[in-house]
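The structure file start.pdb is reproduced below (PDB, C-alpha atoms).
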```pdb
ATOM      1  CA  MET A   1      24.759  25.717 -39.546
ATOM      2  CA  SER A   2      26.671  27.057 -42.550
ATOM      3  CA  LYS A   3      25.445  28.714 -45.744
ATOM      4  CA  LEU A   4      27.811  30.062 -48.395
ATOM      5  CA  GLU A   5      26.968  32.714 -50.980
ATOM      6  CA  PHE A   6      27.030  30.400 -53.967
ATOM      7  CA  ASP A   7      25.843  31.393 -57.450
ATOM      8  CA  HIS A   8      23.587  28.630 -58.780
ATOM      9  CA  ARG A   9      23.826  28.281 -62.560
ATOM     10  CA  GLN A  10      22.400  25.579 -64.810
ATOM     11  CA  ALA A  11      24.632  23.793 -67.302
ATOM     12  CA  GLY A  12      24.536  21.308 -70.151
ATOM     13  CA  HIS A  13      26.690  18.719 -68.383
ATOM     14  CA  CYS A  14      26.822  18.152 -64.653
ATOM     15  CA  GLU A  15      30.555  17.717 -64.016
ATOM     16  CA  SER A  16      31.773  20.519 -66.289
ATOM     17  CA  GLY A  17      28.969  22.709 -64.929
ATOM     18  CA  VAL A  18      29.974  21.963 -61.336
ATOM     19  CA  THR A  19      33.619  22.681 -62.146
ATOM     20  CA  SER A  20      32.732  25.987 -63.812
ATOM     21  CA  ASN A  21      30.524  26.997 -60.879
ATOM     22  CA  LEU A  22      33.179  26.124 -58.297
ATOM     23  CA  LEU A  23      35.752  28.206 -60.193
ATOM     24  CA  ASN A  24      33.217  31.019 -60.419
ATOM     25  CA  TYR A  25      32.880  30.938 -56.611
ATOM     26  CA  HIS A  26      36.632  31.431 -56.377
ATOM     27  CA  GLY A  27      36.562  34.450 -58.667
ATOM     28  CA  HIS A  28      37.184  33.039 -62.159
ATOM     29  CA  GLN A  29      34.477  33.325 -64.807
ATOM     30  CA  ILE A  30      35.371  30.316 -66.948
ATOM     31  CA  SER A  31      32.511  28.991 -69.061
ATOM     32  CA  GLU A  32      31.273  25.428 -68.963
ATOM     33  CA  PRO A  33      32.384  24.689 -72.577
ATOM     34  CA  VAL A  34      35.912  25.936 -71.835
ATOM     35  CA  VAL A  35      36.069  23.788 -68.692
ATOM     36  CA  PHE A  36      34.808  20.787 -70.687
ATOM     37  CA  GLY A  37      37.420  21.343 -73.392
ATOM     38  CA  ILE A  38      40.323  21.893 -71.012
ATOM     39  CA  GLY A  39      39.228  18.802 -69.080
ATOM     40  CA  ALA A  40      39.151  16.769 -72.333
ATOM     41  CA  GLY A  41      35.674  15.516 -71.525
ATOM     42  CA  LEU A  42      34.718  14.332 -75.004
ATOM     43  CA  PHE A  43      35.362  10.642 -75.597
ATOM     44  CA  PHE A  44      33.847   7.459 -76.989
ATOM     45  CA  SER A  45      34.109   3.857 -75.894
ATOM     46  CA  TYR A  46      32.136   0.698 -76.597
ATOM     47  CA  LEU A  47      32.920  -2.051 -74.088
ATOM     48  CA  PRO A  48      30.979  -5.264 -74.827
ATOM     49  CA  PHE A  49      32.643  -7.078 -71.914
ATOM     50  CA  LEU A  50      31.277  -4.507 -69.432
ATOM     51  CA  LYS A  51      27.513  -4.620 -68.962
ATOM     52  CA  MET A  52      25.287  -1.778 -67.761
ATOM     53  CA  GLN A  53      21.643  -2.744 -67.232
ATOM     54  CA  HIS A  54      22.295  -6.027 -69.090
ATOM     55  CA  ALA A  55      23.660  -4.373 -72.246
ATOM     56  CA  PRO A  56      27.196  -3.541 -73.420
ATOM     57  CA  MET A  57      28.586  -0.326 -71.984
ATOM     58  CA  THR A  58      28.660   2.606 -74.386
ATOM     59  CA  SER A  59      30.159   5.861 -73.152
ATOM     60  CA  PHE A  60      30.404   9.262 -74.799
ATOM     61  CA  ARG A  61      32.470  10.827 -72.021
ATOM     62  CA  VAL A  62      35.588  10.208 -69.976
ATOM     63  CA  TRP A  63      35.387   8.432 -66.625
ATOM     64  CA  PRO A  64      33.676  10.275 -63.752
ATOM     65  CA  GLY A  65      35.910  12.846 -62.093
ATOM     66  CA  GLN A  66      38.353  13.274 -64.958
ATOM     67  CA  VAL A  67      36.900  16.548 -66.255
ATOM     68  CA  TYR A  68      37.331  18.193 -62.848
ATOM     69  CA  ASP A  69      40.695  16.558 -62.174
ATOM     70  CA  ARG A  70      42.225  17.506 -65.522
ATOM     71  CA  ALA A  71      40.782  21.001 -65.736
ATOM     72  CA  SER A  72      41.760  21.942 -62.184
ATOM     73  CA  LYS A  73      45.337  20.667 -62.584
ATOM     74  CA  LYS A  74      45.844  22.423 -65.924
ATOM     75  CA  LEU A  75      44.589  25.669 -64.387
ATOM     76  CA  GLY A  76      46.925  25.412 -61.398
ATOM     77  CA  VAL A  77      44.156  24.726 -58.880
ATOM     78  CA  VAL A  78      45.074  22.793 -55.729
ATOM     79  CA  SER A  79      42.178  20.496 -54.852
ATOM     80  CA  LYS A  80      40.993  18.194 -52.103
ATOM     81  CA  ILE A  81      39.609  14.943 -53.542
ATOM     82  CA  GLN A  82      38.397  12.136 -51.267
ATOM     83  CA  ARG A  83      36.546   8.820 -51.313
ATOM     84  CA  PHE A  84      35.272   7.053 -48.215
ATOM     85  CA  LYS A  85      34.378   3.637 -46.873
ATOM     86  CA  ASN A  86      32.559   5.019 -43.846
ATOM     87  CA  GLU A  87      29.351   7.044 -44.276
ATOM     88  CA  LYS A  88      29.727   9.090 -41.083
ATOM     89  CA  SER A  89      33.331   9.979 -41.916
ATOM     90  CA  SER A  90      32.222  11.195 -45.341
ATOM     91  CA  MET A  91      29.534  13.441 -43.860
ATOM     92  CA  ASP A  92      31.881  14.771 -41.170
ATOM     93  CA  ALA A  93      34.402  15.663 -43.872
ATOM     94  CA  LEU A  94      31.668  17.403 -45.869
ATOM     95  CA  ASP A  95      30.544  19.417 -42.833
ATOM     96  CA  ASN A  96      34.122  20.423 -42.049
ATOM     97  CA  ALA A  97      34.690  21.664 -45.601
ATOM     98  CA  LEU A  98      31.447  23.669 -45.607
ATOM     99  CA  ASP A  99      32.183  25.157 -42.191
ATOM    100  CA  SER A 100      35.631  26.161 -43.474
ATOM    101  CA  GLY A 101      34.053  28.136 -46.326
ATOM    102  CA  PHE A 102      34.388  25.696 -49.216
ATOM    103  CA  PRO A 103      31.470  24.671 -51.460
ATOM    104  CA  VAL A 104      31.942  20.992 -52.307
ATOM    105  CA  GLY A 105      31.396  18.958 -55.464
ATOM    106  CA  LEU A 106      29.883  15.505 -54.957
ATOM    107  CA  GLN A 107      29.524  12.471 -57.186
ATOM    108  CA  VAL A 108      26.152  10.815 -56.515
ATOM    109  CA  GLY A 109      23.630   8.310 -57.798
ATOM    110  CA  THR A 110      20.466   9.801 -59.300
ATOM    111  CA  PHE A 111      17.899   7.092 -58.537
ATOM    112  CA  HIS A 112      17.164   8.316 -55.011
ATOM    113  CA  LEU A 113      17.622  12.068 -55.530
ATOM    114  CA  PRO A 114      14.326  13.400 -54.096
ATOM    115  CA  PHE A 115      14.393  16.685 -56.020
ATOM    116  CA  PHE A 116      14.838  14.995 -59.416
ATOM    117  CA  PRO A 117      11.747  14.611 -61.632
ATOM    118  CA  PRO A 118      10.666  10.948 -61.694
ATOM    119  CA  GLU A 119      11.613  10.570 -65.366
ATOM    120  CA  TYR A 120      15.225  11.556 -64.517
ATOM    121  CA  ARG A 121      15.636   8.954 -61.788
ATOM    122  CA  MET A 122      17.645   6.015 -63.034
ATOM    123  CA  HIS A 123      20.444   3.847 -61.725
ATOM    124  CA  TYR A 124      23.173   6.222 -62.852
ATOM    125  CA  ASN A 125      26.054   6.850 -60.455
ATOM    126  CA  MET A 126      28.063   9.449 -62.378
ATOM    127  CA  HIS A 127      26.022  12.542 -61.568
ATOM    128  CA  ASN A 128      27.672  15.586 -59.984
ATOM    129  CA  MET A 129      26.297  18.447 -57.884
ATOM    130  CA  VAL A 130      27.488  21.074 -55.410
ATOM    131  CA  VAL A 131      26.711  21.297 -51.695
ATOM    132  CA  TYR A 132      27.064  24.867 -50.437
ATOM    133  CA  GLY A 133      25.635  24.737 -46.925
ATOM    134  CA  HIS A 134      23.816  22.814 -44.209
ATOM    135  CA  GLU A 135      21.171  23.850 -41.699
ATOM    136  CA  ASN A 136      18.582  22.097 -39.521
ATOM    137  CA  GLY A 137      19.481  18.615 -40.761
ATOM    138  CA  HIS A 138      19.270  19.594 -44.445
ATOM    139  CA  TYR A 139      21.941  20.286 -47.044
ATOM    140  CA  LEU A 140      21.732  23.074 -49.622
ATOM    141  CA  ILE A 141      22.269  21.808 -53.161
ATOM    142  CA  SER A 142      23.183  23.486 -56.430
ATOM    143  CA  ASP A 143      22.424  20.943 -59.147
ATOM    144  CA  THR A 144      23.029  22.151 -62.704
ATOM    145  CA  VAL A 145      20.165  20.011 -64.033
ATOM    146  CA  ILE A 146      17.437  21.850 -62.130
ATOM    147  CA  GLU A 147      16.326  25.473 -62.315
ATOM    148  CA  LYS A 148      16.624  26.470 -58.651
ATOM    149  CA  PRO A 149      18.727  25.373 -55.656
ATOM    150  CA  ALA A 150      17.364  22.409 -53.712
ATOM    151  CA  ARG A 151      17.515  20.901 -50.235
ATOM    152  CA  ILE A 152      18.136  17.311 -49.188
ATOM    153  CA  THR A 153      18.107  15.569 -45.807
ATOM    154  CA  TYR A 154      21.191  14.094 -44.171
ATOM    155  CA  GLU A 155      19.800  10.574 -44.692
ATOM    156  CA  ASP A 156      18.975  11.081 -48.372
ATOM    157  CA  LEU A 157      22.374  12.631 -49.051
ATOM    158  CA  VAL A 158      24.122   9.642 -47.499
ATOM    159  CA  ARG A 159      21.978   7.355 -49.636
ATOM    160  CA  VAL A 160      22.923   8.988 -52.957
ATOM    161  CA  ARG A 161      26.581   9.399 -51.978
ATOM    162  CA  PHE A 162      26.827   5.664 -51.338
ATOM    163  CA  ALA A 163      24.616   4.391 -54.165
ATOM    164  CA  LYS A 164      25.448   0.859 -55.288
ATOM    165  CA  GLY A 165      26.162  -0.459 -58.767
ATOM    166  CA  PRO A 166      28.551   0.420 -61.637
ATOM    167  CA  PHE A 167      30.755   3.452 -60.951
ATOM    168  CA  ALA A 168      29.572   3.602 -57.329
ATOM    169  CA  PRO A 169      30.521   7.066 -56.017
ATOM    170  CA  GLN A 170      31.864   5.818 -52.651
ATOM    171  CA  GLY A 171      31.148   9.197 -51.090
ATOM    172  CA  ARG A 172      33.452  11.003 -53.538
ATOM    173  CA  MET A 173      33.818  14.704 -52.789
ATOM    174  CA  TYR A 174      36.091  17.325 -54.308
ATOM    175  CA  TYR A 175      36.681  21.060 -54.090
ATOM    176  CA  PRO A 176      39.338  23.706 -54.772
ATOM    177  CA  LEU A 177      41.533  24.464 -51.769
ATOM    178  CA  SER A 178      43.663  27.086 -53.490
ATOM    179  CA  VAL A 179      43.048  28.896 -56.788
ATOM    180  CA  PRO A 180      45.639  31.169 -58.455
ATOM    181  CA  LYS A 181      44.733  34.846 -58.585
ATOM    182  CA  GLU A 182      45.656  34.931 -62.283
ATOM    183  CA  ILE A 183      44.973  32.044 -64.678
ATOM    184  CA  ASP A 184      46.399  31.789 -68.198
ATOM    185  CA  LEU A 185      43.869  29.814 -70.212
ATOM    186  CA  LYS A 186      45.958  29.517 -73.379
ATOM    187  CA  PRO A 187      48.286  26.606 -72.482
ATOM    188  CA  ALA A 188      45.429  24.782 -70.751
ATOM    189  CA  ILE A 189      43.210  25.082 -73.836
ATOM    190  CA  ILE A 190      45.921  23.816 -76.187
ATOM    191  CA  ALA A 191      46.754  20.911 -73.854
ATOM    192  CA  GLY A 192      43.043  20.034 -73.589
ATOM    193  CA  ILE A 193      42.593  19.989 -77.369
ATOM    194  CA  ARG A 194      45.648  17.800 -77.867
ATOM    195  CA  LYS A 195      44.493  15.377 -75.162
ATOM    196  CA  THR A 196      41.006  15.043 -76.666
ATOM    197  CA  SER A 197      42.505  14.568 -80.141
ATOM    198  CA  TYR A 198      44.754  11.802 -78.840
ATOM    199  CA  ASN A 199      41.830  10.105 -77.119
ATOM    200  CA  MET A 200      39.744  10.148 -80.297
ATOM    201  CA  VAL A 201      42.307   9.303 -83.004
ATOM    202  CA  GLY A 202      45.593   8.448 -81.288
ATOM    203  CA  ILE A 203      44.905   5.498 -78.972
ATOM    204  CA  PRO A 204      45.757   2.217 -80.751
ATOM    205  CA  PHE A 205      42.864   0.257 -79.241
ATOM    206  CA  PRO A 206      39.815  -0.846 -81.254
ATOM    207  CA  LEU A 207      37.131  -0.056 -78.661
ATOM    208  CA  VAL A 208      37.761   3.655 -78.068
ATOM    209  CA  GLY A 209      37.690   6.878 -80.059
ATOM    210  CA  VAL A 210      36.747   6.753 -83.731
ATOM    211  CA  ASN A 211      37.892   3.107 -83.812
ATOM    212  CA  GLY A 212      35.315   2.368 -81.128
ATOM    213  CA  ILE A 213      32.557   4.029 -83.171
ATOM    214  CA  ARG A 214      33.491   1.848 -86.151
ATOM    215  CA  TYR A 215      33.581  -1.245 -83.939
ATOM    216  CA  LEU A 216      30.080  -0.472 -82.656
ATOM    217  CA  SER A 217      28.941  -0.053 -86.257
ATOM    218  CA  ARG A 218      30.259  -3.532 -87.159
ATOM    219  CA  GLN A 219      28.628  -5.116 -84.120
ATOM    220  CA  MET A 220      25.285  -3.398 -84.748
ATOM    221  CA  ARG A 221      24.999  -5.041 -88.167
ATOM    222  CA  LYS A 222      25.043  -8.467 -86.475
ATOM    223  CA  TRP A 223      22.589  -7.827 -83.641
ATOM    224  CA  GLN A 224      19.336  -8.938 -85.260
ATOM    225  CA  GLN A 225      20.716 -12.160 -86.653
ATOM    226  CA  LYS A 226      22.778 -12.933 -83.562
ATOM    227  CA  TYR A 227      20.308 -11.977 -80.807
ATOM    228  CA  GLY A 228      16.855 -11.692 -82.382
ATOM    229  CA  ASP A 229      14.611  -8.646 -82.694
ATOM    230  CA  GLN A 230      13.845  -8.114 -79.007
ATOM    231  CA  LYS A 231      17.409  -8.201 -77.694
ATOM    232  CA  ALA A 232      18.748  -6.249 -80.680
ATOM    233  CA  SER A 233      16.171  -3.544 -80.023
ATOM    234  CA  TYR A 234      17.155  -3.473 -76.346
ATOM    235  CA  TYR A 235      20.849  -3.110 -77.216
ATOM    236  CA  LEU A 236      20.062  -0.291 -79.639
ATOM    237  CA  GLY A 237      17.855   1.407 -77.060
ATOM    238  CA  GLN A 238      20.675   1.282 -74.517
ATOM    239  CA  VAL A 239      23.069   2.988 -76.966
ATOM    240  CA  LEU A 240      20.446   5.682 -77.562
ATOM    241  CA  ARG A 241      19.901   6.213 -73.832
ATOM    242  CA  MET A 242      23.636   6.652 -73.343
ATOM    243  CA  GLU A 243      23.722   9.051 -76.303
ATOM    244  CA  GLU A 244      20.751  11.238 -75.423
ATOM    245  CA  GLU A 245      19.806  10.824 -71.771
ATOM    246  CA  ILE A 246      22.803   9.864 -69.658
ATOM    247  CA  GLY A 247      25.042  12.728 -68.556
ATOM    248  CA  THR A 248      24.400  14.935 -71.624
ATOM    249  CA  ALA A 249      26.059  12.298 -73.818
ATOM    250  CA  GLY A 250      26.898  11.958 -77.484
ATOM    251  CA  ALA A 251      25.349  14.730 -79.528
ATOM    252  CA  GLY A 252      25.113  17.067 -76.543
ATOM    253  CA  PHE A 253      28.819  16.698 -75.765
ATOM    254  CA  ARG A 254      29.660  17.485 -79.370
ATOM    255  CA  PHE A 255      27.604  20.672 -79.270
ATOM    256  CA  ILE A 256      29.413  21.672 -76.050
ATOM    257  CA  TYR A 257      32.773  20.877 -77.622
ATOM    258  CA  GLY A 258      31.894  22.949 -80.669
ATOM    259  CA  ALA A 259      31.064  25.871 -78.354
ATOM    260  CA  PHE A 260      34.423  25.351 -76.654
ATOM    261  CA  LEU A 261      36.310  25.530 -79.967
ATOM    262  CA  ASN A 262      34.423  28.673 -80.938
ATOM    263  CA  GLU A 263      35.335  30.359 -77.645
ATOM    264  CA  ALA A 264      38.890  29.013 -77.697
ATOM    265  CA  ALA A 265      39.494  30.518 -81.158
ATOM    266  CA  ASP A 266      39.283  34.004 -79.659
ATOM    267  CA  ILE A 267      41.141  33.222 -76.417
ATOM    268  CA  ILE A 268      44.221  31.744 -78.143
ATOM    269  CA  ASN A 269      43.852  33.803 -81.340
ATOM    270  CA  GLN A 270      43.527  30.867 -83.743
ATOM    271  CA  PRO A 271      40.504  31.714 -85.952
ATOM    272  CA  TRP A 272      40.632  28.403 -87.837
ATOM    273  CA  LEU A 273      39.130  26.749 -84.761
ATOM    274  CA  LYS A 274      35.821  28.466 -85.575
ATOM    275  CA  GLU A 275      35.629  26.452 -88.803
ATOM    276  CA  ILE A 276      36.256  23.245 -86.848
ATOM    277  CA  SER A 277      33.571  24.353 -84.398
ATOM    278  CA  LEU A 278      31.045  24.447 -87.245
ATOM    279  CA  GLU A 279      32.158  21.003 -88.430
ATOM    280  CA  MET A 280      31.689  19.667 -84.910
ATOM    281  CA  GLY A 281      28.166  21.120 -84.809
ATOM    282  CA  GLU A 282      27.299  19.505 -88.138
ATOM    283  CA  ASN A 283      28.537  16.151 -86.871
ATOM    284  CA  ALA A 284      26.558  16.600 -83.650
ATOM    285  CA  ASN A 285      23.473  16.927 -85.846
ATOM    286  CA  ARG A 286      24.447  13.676 -87.585
ATOM    287  CA  TRP A 287      24.555  11.963 -84.196
ATOM    288  CA  ARG A 288      21.073  13.377 -83.575
ATOM    289  CA  ASP A 289      19.945  11.815 -86.877
ATOM    290  CA  PHE A 290      21.208   8.485 -85.590
ATOM    291  CA  SER A 291      19.332   8.813 -82.307
ATOM    292  CA  TYR A 292      16.084   9.956 -83.986
ATOM    293  CA  LEU A 293      16.070   7.194 -86.590
ATOM    294  CA  GLY A 294      17.281   4.654 -84.044
ATOM    295  CA  SER A 295      14.393   5.510 -81.726
ATOM    296  CA  ARG A 296      11.966   4.997 -84.636
ATOM    297  CA  ASN A 297      13.513   1.570 -85.130
ATOM    298  CA  CYS A 298      13.109   0.686 -81.435
ATOM    299  CA  LYS A 299       9.440   1.754 -81.543
ATOM    300  CA  LYS A 300       8.774  -0.309 -84.712
ATOM    301  CA  ARG A 301       8.084   2.883 -86.666
ATOM    302  CA  ALA A 302      11.106   2.764 -88.956
ATOM    303  CA  LYS A 303      10.779   2.677 -92.719
ATOM    304  CA  PRO A 304      11.972  -0.584 -94.313
ATOM    305  CA  GLU A 305      15.214   1.028 -95.433
ATOM    306  CA  GLU A 306      15.966   2.353 -91.907
ATOM    307  CA  SER A 307      17.517  -0.933 -90.825
ATOM    308  CA  TYR A 308      20.374  -1.734 -88.471
ATOM    309  CA  ASP A 309      22.690  -1.599 -91.483
ATOM    310  CA  PHE A 310      21.367   1.895 -92.253
ATOM    311  CA  LEU A 311      22.028   3.039 -88.675
ATOM    312  CA  ALA A 312      25.479   1.441 -88.746
ATOM    313  CA  ASP A 313      26.251   3.452 -91.889
ATOM    314  CA  ILE A 314      25.402   6.665 -90.033
ATOM    315  CA  LEU A 315      27.881   5.673 -87.321
ATOM    316  CA  LEU A 316      30.559   5.172 -89.963
ATOM    317  CA  ASP A 317      29.789   8.626 -91.304
ATOM    318  CA  CYS A 318      30.146  10.108 -87.795
ATOM    319  CA  ALA A 319      33.440   8.267 -87.289
ATOM    320  CA  LYS A 320      34.825   9.493 -90.616
ATOM    321  CA  LYS A 321      33.918  13.119 -89.858
ATOM    322  CA  GLU A 322      35.383  12.959 -86.348
ATOM    323  CA  GLU A 323      38.586  11.400 -87.603
ATOM    324  CA  ILE A 324      39.029  14.351 -89.967
ATOM    325  CA  ILE A 325      38.161  16.871 -87.235
ATOM    326  CA  PHE A 326      40.500  15.506 -84.587
ATOM    327  CA  LYS A 327      43.401  14.929 -86.966
ATOM    328  CA  LYS A 328      43.190  18.639 -87.764
ATOM    329  CA  LEU A 329      42.981  19.536 -84.089
ATOM    330  CA  SER A 330      45.932  17.279 -83.194
ATOM    331  CA  LYS A 331      48.198  19.628 -85.136
ATOM    332  CA  ILE A 332      47.445  22.606 -82.878
ATOM    333  CA  ARG A 333      50.460  24.351 -81.403
TER     334      ARG A 333
END
```
Represent the structure of the file as structure tokens.
Amino acid sequence: MSKLEFDHRQAGHCESGVTSNLLNYHGHQISEPVVFGIGAGLFFSYLPFLKMQHAPMTSFRVWPGQVYDRASKKLGVVSKIQRFKNEKSSMDALDNALDSGFPVGLQVGTFHLPFFPPEYRMHYNMHNMVVYGHENGHYLISDTVIEKPARITYEDLVRVRFAKGPFAPQGRMYYPLSVPKEIDLKPAIIAGIRKTSYNMVGIPFPLVGVNGIRYLSRQMRKWQQKYGDQKASYYLGQVLRMEEEIGTAGAGFRFIYGAFLNEAADIINQPWLKEISLEMGENANRWRDFSYLGSRNCKKRAKPEESYDFLADILLDCAKKEEIIFKKLSKIR
């Protein structure tokens, strides 16, 4: 039996929220947006060769684990990060960490999480939560999505830790082993901004960053003619799910990133970042326009002019704005 005094706090995004809460446990009040920015969590990729639920993979974030990995390294945190092939070994390692006084971050699948509302349960294996104790065959969970701490049985925890499918978690667990007493956020913030800028406008590959948004726009114009109404609508719906429902996603990430820039402006004394923060918020609203009008299209409620070409034009607008934003940010020193 082991129960740590862990402060449960909700967050906009699971992995950056978990990272912030773990750092808070170790005595550093670093906000979720700052963690997200330092970890360079904002991204975009459209991968037609990789299917998720029978539709091309669209992602508005970096790969699972990268926010924690990058943020912790840039802040000088020494971490323990493990994956497992054996279920019992993974649970023994979790128990040992908890008994040693460490709350532990886990990557899990959401479909079988018993404390999730039914509408949240989907085959999504990139969710993150914290385990901060175990007693009487149950584990104590701090999940940033829900209002209060939860409990889960040994069997159910094994099930979600070893969920099958794309991005299977393979029992992944991670936690800080050693955290510096003093942390200088300034170099970490600047490095995080430069990394995100490179990811969005610096990678010479057509499927990622602003180039990826433009590629998706070109493909979207062809969907109806190439696939027919039903499949085109399904593809569009999958993009919208990834933008609005899966792991905070497109517009939500941009709002978080705008909050990061606003906070970073004061920390590193570069007031011009506040202007970029406002631009990021405006573009997040444009992404919301895309999702709202796209959902009308999927439900056959769109006006005649709100076609796939119309939606593709909105994507081009988003790409243009983000190219301007991240080219400005890439010049930060």
Next item on the list: Would you list the contacts of Pro187 of chain A as a PyMOL selection string, taking every protein, DNA or RNA residue within 12 Å and counting all atoms listed in the file, but skipping same-chain residues closer than 3 positions in sequence?
Entry: chain A and resi 38+71+73-76+183-184+190-194+264+267-268+332-333
Centre, edges in Å (one decimal): axis-aligned box, segment 4-15 of chain A, 4 Å padding on all six sides, as lines of an AutoDock Vina configuration file:
```
center_x = 26.5
center_y = 25.2
center_z = -59.3
size_x = 16.2
size_y = 23.0
size_z = 29.8
```
Margin query: Need to verify the contact set: Ser100 of chain A, 12 Å, only C-alpha atoms, exclusion of same-chain residues closer than 6 positions in sequence. Can you return it as an MDAnalysis selection string?
Written below: chainID A and resid 1:4 93:94 132:133 175 177
Note to self: Give me, as a list in words, all polymer residues having an atom no more than 7 Å from Leu106 of chain A, counting all atoms listed in the file and skipping those fewer than 3 positions away in the same chain.
What the structure shows: Asn128, Met129, Val130, Arg172, Met173 and Tyr174 of chain A
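Comparing A:Tyr292, A:Glu182, A:Gly17, A:Arg214 by their smallest distance to Arg241 of chain A, the closest is A:Tyr292 (using all atoms listed in the file).
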Notebook entry, point to check: Given the file above and the PyMOL selection byres ((chain A and resi 110) around 7), which residues are selected, and can you give them as a ChimeraX atom specification?
Noted result: /A:108-109,111-113,121-125,127,160
Check: What do you get, as a PyMOL selection string, if you spell out every residue that the PyMOL selection byres ((chain A and resi 11) around 9) selects here?
Finding: chain A and resi 9-10+12-14+16-18+32+143-145
As a PDB file, in the frame of the given file, please: segment 166-185 of chain A completed to N, CA and C atoms.
```pdb
ATOM      1  N   PRO A 166      27.392  -0.020 -60.852  1.00  0.00           N
ATOM      2  CA  PRO A 166      28.551   0.420 -61.637  1.00  0.00           C
ATOM      3  C   PRO A 166      28.922   1.870 -61.332  1.00  0.00           C
ATOM      4  N   PHE A 167      30.222   2.122 -61.227  1.00  0.00           N
ATOM      5  CA  PHE A 167      30.755   3.452 -60.951  1.00  0.00           C
ATOM      6  C   PHE A 167      30.210   4.021 -59.637  1.00  0.00           C
ATOM      7  N   ALA A 168      30.070   3.156 -58.638  1.00  0.00           N
ATOM      8  CA  ALA A 168      29.572   3.602 -57.329  1.00  0.00           C
ATOM      9  C   ALA A 168      30.412   4.768 -56.831  1.00  0.00           C
ATOM     10  N   PRO A 169      29.771   5.856 -56.382  1.00  0.00           N
ATOM     11  CA  PRO A 169      30.521   7.066 -56.017  1.00  0.00           C
ATOM     12  C   PRO A 169      31.389   6.941 -54.781  1.00  0.00           C
ATOM     13  N   GLN A 170      31.060   6.033 -53.869  1.00  0.00           N
ATOM     14  CA  GLN A 170      31.864   5.818 -52.651  1.00  0.00           C
ATOM     15  C   GLN A 170      32.096   7.127 -51.886  1.00  0.00           C
ATOM     16  N   GLY A 171      31.056   7.955 -51.846  1.00  0.00           N
ATOM     17  CA  GLY A 171      31.148   9.197 -51.090  1.00  0.00           C
ATOM     18  C   GLY A 171      32.084  10.236 -51.675  1.00  0.00           C
ATOM     19  N   ARG A 172      32.440  10.115 -52.949  1.00  0.00           N
ATOM     20  CA  ARG A 172      33.452  11.003 -53.538  1.00  0.00           C
ATOM     21  C   ARG A 172      33.059  12.473 -53.410  1.00  0.00           C
ATOM     22  N   MET A 173      34.002  13.262 -52.897  1.00  0.00           N
ATOM     23  CA  MET A 173      33.818  14.704 -52.789  1.00  0.00           C
ATOM     24  C   MET A 173      35.092  15.401 -53.235  1.00  0.00           C
ATOM     25  N   TYR A 174      34.939  16.607 -53.770  1.00  0.00           N
ATOM     26  CA  TYR A 174      36.091  17.325 -54.308  1.00  0.00           C
ATOM     27  C   TYR A 174      35.805  18.824 -54.284  1.00  0.00           C
ATOM     28  N   TYR A 175      36.862  19.611 -54.087  1.00  0.00           N
ATOM     29  CA  TYR A 175      36.681  21.060 -54.090  1.00  0.00           C
ATOM     30  C   TYR A 175      38.035  21.748 -54.160  1.00  0.00           C
ATOM     31  N   PRO A 176      38.085  22.954 -54.730  1.00  0.00           N
ATOM     32  CA  PRO A 176      39.338  23.706 -54.772  1.00  0.00           C
ATOM     33  C   PRO A 176      39.731  24.194 -53.387  1.00  0.00           C
ATOM     34  N   LEU A 177      40.976  23.934 -53.018  1.00  0.00           N
ATOM     35  CA  LEU A 177      41.533  24.464 -51.769  1.00  0.00           C
ATOM     36  C   LEU A 177      42.227  25.805 -52.004  1.00  0.00           C
ATOM     37  N   SER A 178      42.904  25.885 -53.160  1.00  0.00           N
ATOM     38  CA  SER A 178      43.663  27.086 -53.490  1.00  0.00           C
ATOM     39  C   SER A 178      43.575  27.326 -54.992  1.00  0.00           C
ATOM     40  N   VAL A 179      43.198  28.540 -55.378  1.00  0.00           N
ATOM     41  CA  VAL A 179      43.048  28.896 -56.788  1.00  0.00           C
ATOM     42  C   VAL A 179      43.949  30.092 -57.082  1.00  0.00           C
ATOM     43  N   PRO A 180      44.768  30.030 -58.128  1.00  0.00           N
ATOM     44  CA  PRO A 180      45.639  31.169 -58.455  1.00  0.00           C
ATOM     45  C   PRO A 180      44.836  32.448 -58.697  1.00  0.00           C
ATOM     46  N   LYS A 181      45.412  33.578 -58.334  1.00  0.00           N
ATOM     47  CA  LYS A 181      44.733  34.846 -58.585  1.00  0.00           C
ATOM     48  C   LYS A 181      44.616  35.120 -60.076  1.00  0.00           C
ATOM     49  N   GLU A 182      45.660  34.759 -60.828  1.00  0.00           N
ATOM     50  CA  GLU A 182      45.656  34.931 -62.283  1.00  0.00           C
ATOM     51  C   GLU A 182      45.777  33.559 -62.941  1.00  0.00           C
ATOM     52  N   ILE A 183      44.939  33.312 -63.955  1.00  0.00           N
ATOM     53  CA  ILE A 183      44.973  32.044 -64.678  1.00  0.00           C
ATOM     54  C   ILE A 183      45.161  32.327 -66.167  1.00  0.00           C
ATOM     55  N   ASP A 184      46.162  31.690 -66.761  1.00  0.00           N
ATOM     56  CA  ASP A 184      46.399  31.789 -68.198  1.00  0.00           C
ATOM     57  C   ASP A 184      45.711  30.601 -68.881  1.00  0.00           C
ATOM     58  N   LEU A 185      44.646  30.885 -69.599  1.00  0.00           N
ATOM     59  CA  LEU A 185      43.869  29.814 -70.212  1.00  0.00           C
ATOM     60  C   LEU A 185      44.535  29.209 -71.453  1.00  0.00           C
TER      61      LEU A 185
END
```
